[in-house]
Structures are given as C-alpha cells and as structure tokens.
Amino acid sequence: MTHLIRKEIMLQKKILWFGFAYSIFLFMVFSNPIFRDFVYIMTAFGISYIAIIGAIQTEYKNNSDIVLNSLPISRREIVLSKYLTIFVFAGIALLIVAIIGLFFHLAPLPFEHRLININDILITLISVLLLSAVSLPAYFKTGAQWLRVINIIVFMLIFFAPAQIARYVLENQHQPGLQKLIDLAQQNPWLLAVSSLVTLLVLLLLSYLLAVRIYSRRDF
Amino acid sequence: MSSILELQEVSRSLGDFKLDRISFTLPRGYIMGFIGPNGAGKTTTIKLIMNLIKRDSGKINILGQDNLNNHREIKQKIGFVYDENYFYEDLTVEEMKSIIAPFYRNWDEKLYRKYRADFELPPRRKIKDLSRGMKTKFSLALALSHQAELIIMDEPTSGLDPVFRSELLDILQTEMKDDKKGILFSTHITSDLEKIADYICFINQGHIILSATREEIINTHLLVKGAKELLNENVRRLLLGFRASDFGFEGLTNQPGQMHKLLGNQVVYEKPGLDQIMLYTVRRDRHDSSN
C-alpha cells in the first residue's frame, strides 16, 4: 500500500511548486476583509483538488490500469490507495497554506492574514472528502471522461461559492432556521464541524466500498 | 512434465467477438508461440490470463493454481511485456523502475542494472522520449529482473527493427537455459518463432486451430505445388487452403499420406513454414480458398 501511495506522490511532485505559487497568488488576490477569512480553505481545497484530479488524469492518460493490474496487487488495494492519497494531498495542501499564511502574517505588507486555525483545517478536509467521495467512484466507473465536467463545475464553485455562501449568511442571518444553525455553530462550533466530518467519513467509506465493487468488475 | 500455463475451455464474449472454449497447455521449460492474424483473439487471451478481463467460463491455471485465486502470489512469478507502453510517460526510466520494483519480493537490482546496461537504457531519460524499441527493452528488463517463472509477451516484436528482434530472440533463448521457466510469446510475425518456439498455438477468430509442438505442426502439414489441371474436387477436399493461378496451384494439406496417394509424383511437395500454415488455414477459415 505504501508503494502505491508513494507512486501517487511521485507522479504529482510538481504539486509542491504549484501549491506554493498558487497560494501566494490567492493570498494576494483575496486579501480584502470579505475573502480573507476563507482564503486558507479556498487555497488548500484548490491545491488538494488539483492534486487529486491530476493523479486521476495521469492514470487515465497513460492507461496505467493495465500495468497496475498486472502487478502483484489486488484491485481493492489500488482503490484504497487512491482514497488514502486524498488525505496525503490534503495534508500537503494544508501544510503549504499554513507556511504561506505564516509568511503573510509576519511580512510587513499593506494587508495582513491571520494564522491558519482548526476550522480552516476541518472545513478543507470536509470539502475535499465530499468532492472525493463523489468523484472517485465516477472515475473508477468511467475513467477520466466524466471528471472533465466535474472539473469545471468544481472550479467555478471554488472561486464563487464561498463568497456567495458568506454573503447569503450575512444577509439572512436573522432567518429562524439559519439563526438556529448560527447559534449552534457559535455555541458548539466543534460539534457541528466534527459531526460533519464524521458524516463525511461514513460517506467516504460507502464511496470506497462502491468504488471497490465497480473497479473489481471492470475490464481493461 | 508439469505445465506452467493451462487454459481449459475458456470463453469470453466481447461485443461481436467471442473467444470460444479455447484450451492449450504450455509445459515448464518451453517457449510457446501464440500466433494468429490481427484480431484473432491473442490479446484477449493474454488479458484473460493476466486477469485484466474476466472470463465467462472455463479454467486458467498458472503454476498449478487458478489465476483468480491467489492471483497476487501468481503475479509475483509472472513477467509481462505488452505491445504498447502503459508506463507513466512523464517519469524517467529510473523513476518508473522505482515504482515497479518494490512490488516484487524477489526483485534483483543487480540483474536489472545488468540488463539496463546491456540494453543501453538511459536511466534519466523520460519514458516518452524513448524509442519504441527502447520501451520494449525497458519492459523486458523489468520482466526479467524479478525471477519470474512465466514470461508473457504480447506482440513484443511488432514495429521493431530486425536487429532488435533478433537480439530479443537471443535473450529469450538465453532465459530458457533455466528449465523452470516458460514463455508465452504472441506474435503475427511467424518468422520470429521459427528460431525459438518449441510449441505453437494458432488462434483464429476466437478459436484455437492448432496447438502442438512446432515440429509436429510442420511435420503434419505439407505444401503442395502443381499444375492447375490437377486441382480437382478430390484434391481440393484434402487442401486446407490454396492459391491458384493460370500457371498452377499451391496449397496446404494436413493429410500428407492421402495427398501422396492421390497425386504421387505429379506435384512438388515442400515442408511449409509457419507463415504458410497460418496463411492457408486462415484462407480456409474465411471460405475464400477458391479464388
């Protein structure tokens, strides 16, 4: 298993340089007060997403399922390695944004960024896991064709959804339902984040089981 | 004589194409040439052996075990060379090797380096920048460096120059000095097999037409050449396939005794090559032998 995860990292090693460049760019672009709070999440999610999709496209481009399935590895291990790699990519992405965030926090610039916090980490993980839970079974079923569509939709979401959600929450914060959710989040922010994370881990497990089933039946 | 690879009544339908109850056995210590025209079912059979596609029915035994049970253990002992490059194009030769090697318990780094040097493979060159021959050499170096007992090669020589083809055949012959091994070598270039194959398995349109030792196949077939007037109904019946022109006919029979009785010294008999056996058998299969 470690060999398969090592392979994924080796294939996506460029993500490190890309991650740093992408982070610097986004931290500069989203330095105004509205976006500032979301910049860690947006950036870490973006890097993780590009790494995950990059890994998938590399396999697809090289038709490497043929070689992988000719090696002494089970199909279940191949699928599991893809799911475990999500955590590795998310971890690398969070580390990169934490370093860049620290730099922007300390540097004497006309704007300032706060340091990364636990909410950034949890929300990034939740977003990355949600995306992976949907896209990985789709990949194992159809190859990378489907993912081009998802690619575009998710990219639009990365750039526009957080701002829209924030605006919606600010404008409608007195609505009873939303108010309740905001209260709950304020009183027990951990409860909300952790329960979301647990729900997603269960979803990810179901997604993994589905992907194993799909991949085990595939012909190459 | 134990078998290293055995297929029994294996079938698989893929759209219009059907691999139909194919059976053959490769004994340990021998090279089997797996021949047939393009689209005959060679790659499908190899994919079934490698468990890349699932069979509808039948049995495949590799090293005495079913290829679906314990497939990880079986694949430890299989070396594979495919007709196309399925490695990661953006990696270098050395990076790709470092991905493949850890999966094999018996990886022999010293042996790999020897092959790498012998084949003049540049370790830092990206896979995408290797020539087709280089890519095949790289696949071969990987396949031979983990003490594989069964080597499966799908059209390894297609598109390669004669020098490298000859080199490849020499390497395979050297490998066979170890009589624990077995090689299944699929090709449509039958001349490659005249030199090295002990057994021939001939597939056409999803059916096994012949499977026996090369000598047996050549000895049981006879090429007949004679005047066109001799090509009567009885002669045609004994021919697997033939080609006729105004000057005469040439055909292949697998009933040499009957043919001798019928035509005696009126015609010329020759030992056929594998390509002629394949050509005339395929022509019969297409029912166009009377043109």
# chains A, B, ... in the order shown; residues from 1 in each chain; ligands from 1
$ interface_residues --of "chain A" --to "chain B" --cutoff "12 Å" --atoms "only C-alpha atoms" --output "PyMOL selection string"
chain A and resi 1-14+55+57-77+215-220
$ select_by_dssp --residues "region 111-279 of chain B" --states "strand (DSSP E)" --output "ChimeraX atom specification"
/B:150-154,182-187,199-204,207-213,222-226,239-245,248-253,268-270
$ write_last_selection --atoms "C-alpha atoms" --output "CSV table (one decimal), in the first residue's frame"
chain,number,residue,atom,x,y,z
B,150,LEU,CA,6.3,-17.4,-16.6
B,151,ILE,CA,7.0,-14.6,-19.1
B,152,ILE,CA,4.1,-13.4,-21.1
B,153,MET,CA,4.8,-11.2,-24.1
B,154,ASP,CA,2.1,-9.7,-26.3
B,182,GLY,CA,8.1,-20.8,-19.6
B,183,ILE,CA,7.4,-18.2,-22.2
B,184,LEU,CA,4.2,-17.4,-24.0
B,185,PHE,CA,5.1,-15.2,-27.0
B,186,SER,CA,2.2,-13.8,-29.0
B,187,THR,CA,3.0,-12.5,-32.5
B,199,TYR,CA,5.3,-25.1,-29.1
B,200,ILE,CA,2.9,-23.3,-31.4
B,201,CYS,CA,-0.7,-22.3,-30.6
B,202,PHE,CA,-2.6,-20.9,-33.5
B,203,ILE,CA,-5.7,-18.9,-32.9
B,204,ASN,CA,-8.1,-17.5,-35.4
B,207,HIS,CA,-10.9,-20.5,-31.9
B,208,ILE,CA,-7.8,-22.5,-31.4
B,209,ILE,CA,-6.9,-24.0,-34.7
B,210,LEU,CA,-3.7,-25.8,-33.8
B,211,SER,CA,-1.8,-26.4,-30.6
B,212,ALA,CA,1.2,-28.7,-30.6
B,213,THR,CA,5.0,-28.8,-30.9
B,222,LEU,CA,2.6,-30.4,-46.4
B,223,LEU,CA,2.9,-27.7,-49.1
B,224,VAL,CA,1.7,-29.0,-52.4
B,225,LYS,CA,2.6,-27.3,-55.8
B,226,GLY,CA,1.4,-28.5,-59.1
B,239,LEU,CA,-6.4,-29.0,-49.0
B,240,LEU,CA,-6.8,-26.6,-46.0
B,241,GLY,CA,-6.4,-23.7,-48.4
B,242,PHE,CA,-4.8,-23.0,-51.7
B,243,ARG,CA,-4.0,-20.3,-54.2
B,244,ALA,CA,-4.5,-21.0,-57.9
B,245,SER,CA,-3.3,-19.0,-61.0
B,248,GLY,CA,-0.6,-23.7,-61.4
B,249,PHE,CA,-1.6,-24.0,-57.7
B,250,GLU,CA,-0.1,-24.0,-54.3
B,251,GLY,CA,-1.9,-25.4,-51.3
B,252,LEU,CA,-1.5,-26.7,-47.8
B,253,THR,CA,-2.7,-30.1,-46.6
B,268,VAL,CA,6.1,-31.0,-55.8
B,269,TYR,CA,5.9,-31.4,-52.0
B,270,GLU,CA,7.6,-29.0,-49.6
$ residues_around --residues "Ala211 (chain A)" --least-positions-apart "3" --cutoff "7 Å" --atoms "only C-alpha atoms" --output "list in words"
Val79, Pro137, Phe140, Ser207, Tyr208, Ile214 and Tyr215 of chain A
$ write_last_selection --atoms "C-alpha atoms" --output "short mmCIF file (atom, residue, chain, number, x, y, z; two decimals), in the first residue's frame"
data_model
loop_
_atom_site.label_atom_id
_atom_site.label_comp_id
_atom_site.auth_asym_id
_atom_site.auth_seq_id
_atom_site.Cartn_x
_atom_site.Cartn_y
_atom_site.Cartn_z
CA VAL A 79 -8.75 1.70 -4.93
CA PRO A 137 -16.43 6.18 -7.88
CA PHE A 140 -13.42 4.12 -11.38
CA SER A 207 -17.98 5.64 -1.60
CA TYR A 208 -14.89 3.43 -1.19
CA ILE A 214 -17.08 -1.02 -9.61
CA TYR A 215 -13.34 -1.43 -10.12
#
$ residues_around --residues "Glu175 (chain B)" --least-positions-apart "6" --cutoff "12 Å" --atoms "only C-alpha atoms" --output "number ranges by chain"
B: 29-31, 140, 143-145, 147-151, 168-169, 181-183, 196
$ atom_distance --atom1 "CA of Arg213 (chain A)" --atom2 "CA of Val149 (chain A)"
23.4 Å
$ select_by_dssp --residues "region 28-127 of chain A" --states "helix (DSSP H, G or I)" --output "PyMOL selection string"
chain A and resi 28-29+33-36+39-62+65-68+75-106+118-127
$ atom_distance --atom1 "CA of Ser132 (chain A)" --atom2 "CA of Gly19 (chain A)"
18.8 Å
$ residues_around --residues "region 27-42 of chain A" --least-positions-apart "6" --cutoff "12 Å" --atoms "only C-alpha atoms" --output "VMD selection string"
chain A and resid 19 to 21 48 to 49 90 93 to 105 109 to 128 154 to 167 170
$ write_last_selection --atoms "N, CA and C atoms" --output "compact mmCIF listing (two decimals), in the first residue's frame"
# COMPACT_ATOMS: atom_id res chain seq x y z
N GLY A 19 1.64 24.45 -5.65
CA GLY A 19 0.93 24.79 -4.41
C GLY A 19 1.43 26.09 -3.81
N PHE A 20 2.74 26.24 -3.78
CA PHE A 20 3.30 27.47 -3.21
C PHE A 20 2.95 28.69 -4.08
N ALA A 21 3.11 28.55 -5.39
CA ALA A 21 2.83 29.67 -6.30
C ALA A 21 1.33 30.04 -6.23
N SER A 48 -5.53 20.67 -3.12
CA SER A 48 -5.88 19.25 -2.95
C SER A 48 -6.62 18.75 -4.17
N TYR A 49 -7.57 19.55 -4.61
CA TYR A 49 -8.39 19.14 -5.73
C TYR A 49 -7.54 18.94 -7.00
N ALA A 90 -4.38 16.38 0.91
CA ALA A 90 -4.98 17.43 1.74
C ALA A 90 -3.98 17.89 2.80
N ALA A 93 -1.41 20.08 1.16
CA ALA A 93 -2.02 21.37 0.82
C ALA A 93 -2.15 22.25 2.07
N LEU A 94 -2.59 21.65 3.18
CA LEU A 94 -2.76 22.43 4.42
C LEU A 94 -1.41 22.93 4.94
N LEU A 95 -0.40 22.09 4.79
CA LEU A 95 0.94 22.49 5.23
C LEU A 95 1.44 23.68 4.39
N ILE A 96 1.21 23.61 3.10
CA ILE A 96 1.65 24.71 2.22
C ILE A 96 0.94 26.01 2.60
N VAL A 97 -0.41 25.94 2.75
CA VAL A 97 -1.12 27.20 3.07
C VAL A 97 -0.75 27.72 4.46
N ALA A 98 -0.45 26.80 5.37
CA ALA A 98 -0.05 27.24 6.71
C ALA A 98 1.28 28.01 6.63
N ILE A 99 2.20 27.50 5.82
CA ILE A 99 3.51 28.16 5.68
C ILE A 99 3.34 29.53 5.00
N ILE A 100 2.58 29.54 3.91
CA ILE A 100 2.38 30.81 3.18
C ILE A 100 1.61 31.81 4.07
N GLY A 101 0.61 31.29 4.81
CA GLY A 101 -0.16 32.15 5.72
C GLY A 101 0.74 32.78 6.78
N LEU A 102 1.65 31.97 7.30
CA LEU A 102 2.59 32.47 8.31
C LEU A 102 3.45 33.59 7.72
N PHE A 103 3.87 33.36 6.50
CA PHE A 103 4.69 34.36 5.82
C PHE A 103 3.91 35.67 5.67
N PHE A 104 2.66 35.57 5.19
CA PHE A 104 1.86 36.79 5.01
C PHE A 104 1.50 37.44 6.35
N HIS A 105 1.43 36.64 7.39
CA HIS A 105 1.12 37.16 8.72
C HIS A 105 2.29 37.99 9.26
N LEU A 109 3.38 43.94 5.10
CA LEU A 109 2.63 44.22 3.88
C LEU A 109 1.47 45.14 4.21
N PRO A 110 0.87 45.81 3.20
CA PRO A 110 -0.26 46.69 3.50
C PRO A 110 -1.50 45.94 3.99
N PHE A 111 -1.53 44.63 3.83
CA PHE A 111 -2.65 43.82 4.34
C PHE A 111 -2.09 42.71 5.20
N GLU A 112 -2.96 42.17 6.03
CA GLU A 112 -2.47 41.13 6.92
C GLU A 112 -3.38 39.91 6.86
N HIS A 113 -2.79 38.73 6.96
CA HIS A 113 -3.58 37.50 7.05
C HIS A 113 -3.37 36.90 8.43
N ARG A 114 -4.47 36.36 8.97
CA ARG A 114 -4.34 35.67 10.27
C ARG A 114 -3.63 34.33 10.04
N LEU A 115 -3.34 33.65 11.15
CA LEU A 115 -2.73 32.32 11.02
C LEU A 115 -3.83 31.28 10.75
N ILE A 116 -3.42 30.13 10.26
CA ILE A 116 -4.39 29.05 9.99
C ILE A 116 -4.99 28.58 11.33
N ASN A 117 -6.27 28.20 11.30
CA ASN A 117 -6.87 27.67 12.54
C ASN A 117 -7.54 26.32 12.27
N ILE A 118 -8.05 25.73 13.33
CA ILE A 118 -8.61 24.38 13.24
C ILE A 118 -9.83 24.33 12.31
N ASN A 119 -10.59 25.44 12.29
CA ASN A 119 -11.77 25.48 11.40
C ASN A 119 -11.36 25.37 9.94
N ASP A 120 -10.29 26.08 9.60
CA ASP A 120 -9.79 26.01 8.21
C ASP A 120 -9.47 24.56 7.86
N ILE A 121 -8.80 23.90 8.81
CA ILE A 121 -8.38 22.51 8.55
C ILE A 121 -9.60 21.61 8.39
N LEU A 122 -10.56 21.75 9.32
CA LEU A 122 -11.74 20.88 9.28
C LEU A 122 -12.57 21.12 8.01
N ILE A 123 -12.80 22.40 7.71
CA ILE A 123 -13.65 22.70 6.54
C ILE A 123 -12.96 22.26 5.24
N THR A 124 -11.64 22.42 5.18
CA THR A 124 -10.91 21.95 4.00
C THR A 124 -11.07 20.44 3.86
N LEU A 125 -10.87 19.74 4.99
CA LEU A 125 -10.98 18.28 4.93
C LEU A 125 -12.39 17.87 4.50
N ILE A 126 -13.39 18.54 5.08
CA ILE A 126 -14.79 18.21 4.74
C ILE A 126 -15.01 18.40 3.24
N SER A 127 -14.56 19.54 2.69
CA SER A 127 -14.78 19.83 1.26
C SER A 127 -14.05 18.80 0.39
N VAL A 128 -12.80 18.51 0.75
CA VAL A 128 -12.01 17.58 -0.08
C VAL A 128 -12.61 16.18 -0.02
N VAL A 154 -16.56 22.21 -10.31
CA VAL A 154 -15.90 22.42 -9.02
C VAL A 154 -15.03 23.67 -9.03
N PHE A 155 -14.38 23.91 -10.14
CA PHE A 155 -13.55 25.12 -10.21
C PHE A 155 -14.39 26.38 -10.05
N MET A 156 -15.56 26.36 -10.69
CA MET A 156 -16.46 27.51 -10.53
C MET A 156 -16.85 27.65 -9.06
N LEU A 157 -17.12 26.52 -8.43
CA LEU A 157 -17.53 26.55 -7.03
C LEU A 157 -16.40 27.06 -6.13
N ILE A 158 -15.17 26.61 -6.45
CA ILE A 158 -14.03 27.05 -5.62
C ILE A 158 -13.96 28.57 -5.57
N PHE A 159 -14.17 29.19 -6.74
CA PHE A 159 -14.00 30.63 -6.80
C PHE A 159 -15.23 31.44 -6.38
N PHE A 160 -16.40 30.88 -6.63
CA PHE A 160 -17.59 31.69 -6.39
C PHE A 160 -18.44 31.27 -5.18
N ALA A 161 -18.49 29.98 -4.90
CA ALA A 161 -19.40 29.52 -3.85
C ALA A 161 -19.10 30.10 -2.46
N PRO A 162 -17.83 30.07 -1.99
CA PRO A 162 -17.60 30.57 -0.63
C PRO A 162 -18.09 32.01 -0.44
N ALA A 163 -17.81 32.85 -1.41
CA ALA A 163 -18.22 34.25 -1.29
C ALA A 163 -19.74 34.35 -1.28
N GLN A 164 -20.39 33.59 -2.14
CA GLN A 164 -21.86 33.61 -2.21
C GLN A 164 -22.47 33.11 -0.91
N ILE A 165 -21.90 32.04 -0.36
CA ILE A 165 -22.43 31.48 0.90
C ILE A 165 -22.25 32.51 2.02
N ALA A 166 -21.07 33.11 2.07
CA ALA A 166 -20.81 34.11 3.11
C ALA A 166 -21.80 35.27 3.00
N ARG A 167 -22.01 35.74 1.77
CA ARG A 167 -22.94 36.86 1.54
C ARG A 167 -24.36 36.46 1.96
N LEU A 170 -24.63 36.37 5.75
CA LEU A 170 -24.64 37.72 6.33
C LEU A 170 -25.97 38.43 6.09
$ atom_distance --atom1 "CA of Gly58 (chain B)" --atom2 "CA of Asp16 (chain B)"
19.6 Å
$ residues_around --residues "Arg113 (chain B)" --least-positions-apart "6" --cutoff "10 Å" --atoms "only C-alpha atoms" --output "MDAnalysis selection string"
chainID B and resid 119 121 123 141 145
